[in-house]
Structures are given as C-alpha cells and as structure tokens.
>>> print(open('data04.pdb').read())   # PDB, C-alpha atoms and all ligand atoms
ATOM      1  CA  MET X   9      98.248 149.944  33.882
ATOM      2  CA  ASN X  10     101.351 148.830  35.749
ATOM      3  CA  PRO X  11     103.718 147.492  33.037
ATOM      4  CA  CYS X  12     105.448 145.180  35.525
ATOM      5  CA  ILE X  13     102.509 142.756  35.738
ATOM      6  CA  THR X  14     103.155 141.641  32.171
ATOM      7  CA  CYS X  15     106.949 141.911  32.226
ATOM      8  CA  GLY X  16     109.289 140.519  34.926
ATOM      9  CA  ALA X  17     112.375 141.171  32.801
ATOM     10  CA  CYS X  18     114.415 142.813  35.584
ATOM     11  CA  CYS X  19     113.864 139.786  37.834
ATOM     12  CA  ALA X  20     115.519 137.646  35.165
ATOM     13  CA  THR X  21     118.388 139.977  34.228
ATOM     14  CA  PHE X  22     120.197 141.405  37.254
ATOM     15  CA  ARG X  23     121.732 140.056  40.432
ATOM     16  CA  VAL X  24     119.334 141.082  43.203
ATOM     17  CA  SER X  25     121.459 141.665  46.296
ATOM     18  CA  PHE X  26     120.776 143.396  49.603
ATOM     19  CA  TYR X  27     121.894 143.604  53.212
ATOM     20  CA  TRP X  28     121.669 140.212  54.955
ATOM     21  CA  ALA X  29     119.376 141.500  57.730
ATOM     22  CA  GLU X  30     116.541 141.916  55.222
ATOM     23  CA  ALA X  31     116.440 138.112  55.076
ATOM     24  CA  ASP X  32     116.794 137.516  58.808
ATOM     25  CA  PRO X  33     113.462 137.341  60.644
ATOM     26  CA  PHE X  34     115.260 137.875  63.970
ATOM     27  CA  ALA X  35     116.593 141.192  62.655
ATOM     28  CA  GLY X  36     113.191 142.284  61.358
ATOM     29  CA  GLY X  37     113.789 141.069  57.812
ATOM     30  CA  THR X  38     110.901 140.055  55.574
ATOM     31  CA  VAL X  39     112.547 138.145  52.701
ATOM     32  CA  PRO X  40     112.322 134.361  53.235
ATOM     33  CA  PRO X  41     115.956 133.353  53.976
ATOM     34  CA  GLU X  42     115.631 130.026  52.157
ATOM     35  CA  LEU X  43     115.179 131.990  48.918
ATOM     36  CA  THR X  44     118.506 133.793  49.367
ATOM     37  CA  GLU X  45     122.196 132.936  49.295
ATOM     38  CA  GLN X  46     125.125 134.654  51.004
ATOM     39  CA  ILE X  47     127.408 136.387  48.487
ATOM     40  CA  SER X  48     129.632 138.415  50.849
ATOM     41  CA  PRO X  49     129.895 139.002  54.609
ATOM     42  CA  ALA X  50     127.322 141.812  54.355
ATOM     43  CA  LEU X  51     125.183 140.816  51.388
ATOM     44  CA  VAL X  52     122.795 138.110  50.309
ATOM     45  CA  ALA X  53     121.220 137.693  46.882
ATOM     46  CA  MET X  54     117.953 136.205  45.708
ATOM     47  CA  ARG X  55     118.630 132.627  44.633
ATOM     48  CA  GLY X  56     118.769 132.273  40.884
ATOM     49  CA  THR X  57     120.005 135.809  40.281
ATOM     50  CA  ASN X  58     123.705 135.272  41.053
ATOM     51  CA  GLN X  59     124.424 133.322  37.881
ATOM     52  CA  THR X  60     124.741 133.858  34.148
ATOM     53  CA  ASP X  61     121.383 132.266  33.346
ATOM     54  CA  CYS X  62     119.665 134.610  35.766
ATOM     55  CA  ARG X  63     116.107 134.244  37.051
ATOM     56  CA  CYS X  64     114.893 134.924  40.586
ATOM     57  CA  VAL X  65     113.427 131.847  42.284
ATOM     58  CA  ALA X  66     110.474 133.918  43.481
ATOM     59  CA  LEU X  67     109.415 134.767  39.933
ATOM     60  CA  GLU X  68     106.465 132.750  38.631
ATOM     61  CA  GLY X  69     105.135 132.738  35.096
ATOM     62  CA  GLU X  70     106.403 133.739  31.691
ATOM     63  CA  ILE X  71     108.575 136.801  31.060
ATOM     64  CA  GLY X  72     106.535 139.301  29.062
ATOM     65  CA  GLY X  73     103.312 137.457  29.834
ATOM     66  CA  ASP X  74     101.397 136.428  32.922
ATOM     67  CA  ILE X  75     104.004 136.919  35.647
ATOM     68  CA  ARG X  76     104.118 137.423  39.398
ATOM     69  CA  CYS X  77     106.478 137.683  42.333
ATOM     70  CA  ARG X  78     105.361 135.117  44.892
ATOM     71  CA  ILE X  79     106.918 137.127  47.748
ATOM     72  CA  TYR X  80     105.749 140.532  46.531
ATOM     73  CA  GLU X  81     104.770 141.830  49.990
ATOM     74  CA  GLN X  82     108.015 140.499  51.490
ATOM     75  CA  ARG X  83     110.397 141.540  48.712
ATOM     76  CA  SER X  84     113.675 143.335  49.436
ATOM     77  CA  SER X  85     114.435 147.046  49.338
ATOM     78  CA  THR X  86     116.376 146.433  46.120
ATOM     79  CA  CYS X  87     113.209 145.159  44.462
ATOM     80  CA  ARG X  88     111.062 147.910  45.938
ATOM     81  CA  GLU X  89     113.387 150.676  44.770
ATOM     82  CA  PHE X  90     113.708 149.453  41.180
ATOM     83  CA  GLU X  91     111.633 151.739  38.991
ATOM     84  CA  ALA X  92     109.812 150.992  35.780
ATOM     85  CA  GLY X  93     111.078 153.218  32.985
ATOM     86  CA  GLU X  94     114.595 153.762  34.334
ATOM     87  CA  GLU X  95     117.567 152.863  32.160
ATOM     88  CA  SER X  96     118.104 149.476  33.838
ATOM     89  CA  CYS X  97     114.456 148.586  33.299
ATOM     90  CA  LEU X  98     114.689 149.375  29.606
ATOM     91  CA  ARG X  99     117.923 147.367  29.322
ATOM     92  CA  ALA X 100     116.249 144.360  30.941
ATOM     93  CA  ARG X 101     113.205 144.633  28.694
ATOM     94  CA  ARG X 102     115.350 144.881  25.551
ATOM     95  CA  LYS X 103     117.334 141.821  26.630
ATOM     96  CA  HIS X 104     114.082 139.853  26.751
ATOM     97  CA  GLY X 105     112.787 141.261  23.468
ATOM     98  CA  LEU X 106     110.213 143.578  25.016
ATOM     99  CA  SER X 107     109.459 147.070  23.769
ATOM    100  CA  ASP X 108     110.566 150.245  25.539
ATOM    101  CA  LEU X 109     108.033 151.748  27.915
ATOM    102  CA  LEU X 110     106.395 155.061  27.190
ATOM    103  CA  ILE X 111     106.442 156.821  30.545
ATOM    104  CA  PRO X 112     104.455 160.076  30.554
ATOM    105  CA  THR X 113     106.511 163.120  31.521
ATOM    106  CA  VAL X 114     105.190 164.819  34.659
ATOM    107  CA  ALA X 115     105.261 168.624  34.511
ATOM    108  CA  ALA X 116     107.242 170.238  37.344
TER     109      ALA X 116
HETATM  110  S1  LIG G 201     111.884 145.466  33.715
HETATM  111 FE1  LIG G 201     110.778 147.374  34.151
HETATM  112  S2  LIG G 201     108.664 147.044  33.433
HETATM  113 FE2  LIG G 201     109.684 145.045  33.628
HETATM  114  S3  LIG G 201     109.111 144.300  35.664
HETATM  115 FE3  LIG G 201     111.098 145.335  35.840
HETATM  116  S4  LIG G 201     110.603 147.462  36.376
HETATM  117 FE4  LIG G 201     108.720 146.504  35.607
HETATM  118  S1  LIG G 202     111.886 138.902  44.833
HETATM  119 FE1  LIG G 202     110.212 139.286  43.434
HETATM  120  S2  LIG G 202     110.478 141.410  42.727
HETATM  121 FE2  LIG G 202     112.426 140.724  43.646
HETATM  122  S3  LIG G 202     113.648 139.911  41.920
HETATM  123 FE3  LIG G 202     112.528 138.193  42.832
HETATM  124  S4  LIG G 202     110.641 138.012  41.631
HETATM  125 FE4  LIG G 202     111.524 140.055  41.253
END
>>> encode(input="data04.pdb", output="structure tokens", more="lines below")
Ligand code: SF4
Ligand code: SF4
Amino acid sequence: MNPCITCGACCATFRVSFYWAEADPFAGGTVPPELTEQISPALVAMRGTNQTDCRCVALEGEIGGDIRCRIYEQRSSTCREFEAGEESCLRARRKHGLSDLLIPTVAA
C-alpha cells in the first residue's frame, strides 16, 4: 500500500518551491497559480508552506489519517520527485509523530 495516502507529513513540514513557469498556464504550467506565492524572481512556493506553521493549502484531511492532495494530477515537479522512504520523508514523519517506514530493499 502507498504509505502517502495515510500520511501527508511532508506537505506540512517543508517549503515546497519550484520554478515559476510550473504555475503559469501560458508557459505550460499545471499548478493553479492562485495556490502559489512568489518567493524570488525565479521561484514560487505553494501557499502555506513558506511559514513556520507550515501546511500546503492543497492538503486536505488529517496528517497521519485520511489525507489527500486536491491538486494531485497538477502538482509540481518538487512534489512529484519527493520519495517516500528518503531521509526527508522520515524526518517529516517523525516531526508529526509517525513511525518510520519499512521500505523493502530491492536486490540489484
Ligand atoms: S512524508 Fe513520506 S510517507 Fe508521508 S506523504 Fe510524504 S513521502 Fe509519503
Ligand atoms: S501540492 Fe499536494 S503534494 Fe504538493 S505539497 Fe501540496 S498537498 Fe503536498
């Protein structure tokens, strides 16, 4: 089972930033621009993630419970490239009181 569907910790831990064009429909971007804010000339961030009490505005539900990203199909490359089981994932889960994931090792 995909552990992310009952987690969401990373979406409420880190600043989620990416190149502005990903949120510009005229440049082929998919992320709804109204859910982002400009943080530098080149970068935007998901609203809600550029603050101490961090939680992405696109996140719906309860961390560690029934949770979903309401723009899942339109999410940024930053979100797509984040991998369950990597160090940052485990850090986010620990911050929200969730257990470490047991990721099976794939033989080379
Ligand atoms: S913290 Fe890890 S397990 Fe949780 S939603 Fe993010 S990638 Fe998935
Ligand atoms: S856009 Fe979706 S996947 Fe990306 S941080 Fe927000 S809730 Fe998480």
>>> closest_residue(input="data04.pdb", among="X:Cys19, X:Val24, X:Cys77, X:Cys62", to="Thr44 in chain X", atoms="only C-alpha atoms")
X:Val24
>>> closest_residue(input="data04.pdb", among="X:Ile75, X:Trp28, X:Thr60, X:Pro11", to="ligand LIG 202 (chain G)", atoms="all atoms listed in the file")
X:Ile75
>>> residues_near_ligand(input="data04.pdb", ligand="ligand LIG 202 (chain G)", cutoff="12 Å", atoms="all atoms listed in the file", output="PyMOL selection string")
chain X and resi 12-13+15-26+30-31+38-41+43-44+53-58+62-71+75-92
>>> atom_distance(input="data04.pdb", atom1="atom S2 of ligand LIG 201 (chain G)", atom2="CA of Ser96 in chain X")
9.8 Å
>>> atom_distance(input="data04.pdb", atom1="CA of Arg102 in chain X", atom2="CA of Gly73 in chain X")
14.8 Å
>>> closest_residue(input="data04.pdb", among="X:Met9, X:Ile47, X:Ala29, X:Val52", to="Leu109 in chain X", atoms="only C-alpha atoms")
X:Met9
>>> axis_aligned_box(input="data04.pdb", around="ligand LIG 201 (chain G)", padding_each_side="8 Å", output="AutoDock Vina command-line options")
--center_x 110.3 --center_y 145.9 --center_z 34.9 --size_x 19.2 --size_y 19.2 --size_z 18.9
>>> closest_residue(input="data04.pdb", among="X:Tyr27, X:Ser107, X:Arg101, X:Ser48", to="ligand LIG 201 (chain G)", atoms="all atoms listed in the file")
X:Arg101
>>> decode(input="data04.pdb", residues="range 22-82 of chain X", atoms="C-alpha atoms", output="tab-separated table (two decimals), in the first residue's frame")
chain	number	residue	atom	x	y	z
X	22	PHE	CA	8.86	21.69	4.16
X	23	ARG	CA	8.69	24.75	1.96
X	24	VAL	CA	7.52	23.48	-1.43
X	25	SER	CA	9.15	25.72	-4.03
X	26	PHE	CA	9.64	25.38	-7.78
X	27	TYR	CA	10.25	27.35	-10.95
X	28	TRP	CA	7.53	29.95	-11.55
X	29	ALA	CA	6.62	28.59	-15.01
X	30	GLU	CA	5.16	25.46	-13.41
X	31	ALA	CA	2.38	27.71	-12.10
X	32	ASP	CA	1.89	29.70	-15.29
X	33	PRO	CA	-0.71	28.19	-17.64
X	34	PHE	CA	0.64	30.32	-20.51
X	35	ALA	CA	4.04	28.68	-20.05
X	36	GLY	CA	2.57	25.18	-19.91
X	37	GLY	CA	2.42	25.05	-16.12
X	38	THR	CA	-0.12	22.87	-14.33
X	39	VAL	CA	-0.10	24.14	-10.73
X	40	PRO	CA	-3.00	26.55	-10.08
X	41	PRO	CA	-1.26	29.95	-9.69
X	42	GLU	CA	-3.71	31.14	-7.03
X	43	LEU	CA	-2.34	28.41	-4.74
X	44	THR	CA	1.22	29.74	-5.02
X	45	GLU	CA	3.18	32.79	-3.91
X	46	GLN	CA	6.29	34.36	-5.42
X	47	ILE	CA	9.33	33.92	-3.16
X	48	SER	CA	12.12	35.05	-5.52
X	49	PRO	CA	12.40	36.24	-9.13
X	50	ALA	CA	12.65	32.62	-10.31
X	51	LEU	CA	10.70	30.68	-7.70
X	52	VAL	CA	7.20	30.33	-6.35
X	53	ALA	CA	6.10	28.25	-3.38
X	54	MET	CA	2.87	26.50	-2.51
X	55	ARG	CA	0.88	28.81	-0.25
X	56	GLY	CA	1.04	27.75	3.36
X	57	THR	CA	4.47	26.17	3.07
X	58	ASN	CA	6.59	29.33	3.30
X	59	GLN	CA	5.97	29.88	7.00
X	60	THR	CA	6.89	28.39	10.35
X	61	ASP	CA	3.49	26.78	10.90
X	62	CYS	CA	3.77	25.02	7.56
X	63	ARG	CA	0.92	23.27	5.74
X	64	CYS	CA	0.26	23.31	2.00
X	65	VAL	CA	-3.10	24.85	1.08
X	66	ALA	CA	-3.77	21.97	-1.29
X	67	LEU	CA	-3.60	19.40	1.50
X	68	GLU	CA	-6.98	18.16	2.72
X	69	GLY	CA	-7.61	15.95	5.72
X	70	GLU	CA	-5.72	14.94	8.83
X	71	ILE	CA	-1.97	14.29	8.90
X	72	GLY	CA	-1.43	10.59	9.54
X	73	GLY	CA	-5.06	9.81	8.73
X	74	ASP	CA	-7.38	10.27	5.79
X	75	ILE	CA	-5.45	12.76	3.66
X	76	ARG	CA	-5.33	13.90	0.05
X	77	CYS	CA	-3.76	16.44	-2.25
X	78	ARG	CA	-6.59	18.22	-4.05
X	79	ILE	CA	-4.31	19.08	-7.00
X	80	TYR	CA	-2.59	15.70	-7.19
X	81	GLU	CA	-2.64	15.49	-11.00
X	82	GLN	CA	-1.46	19.10	-11.29
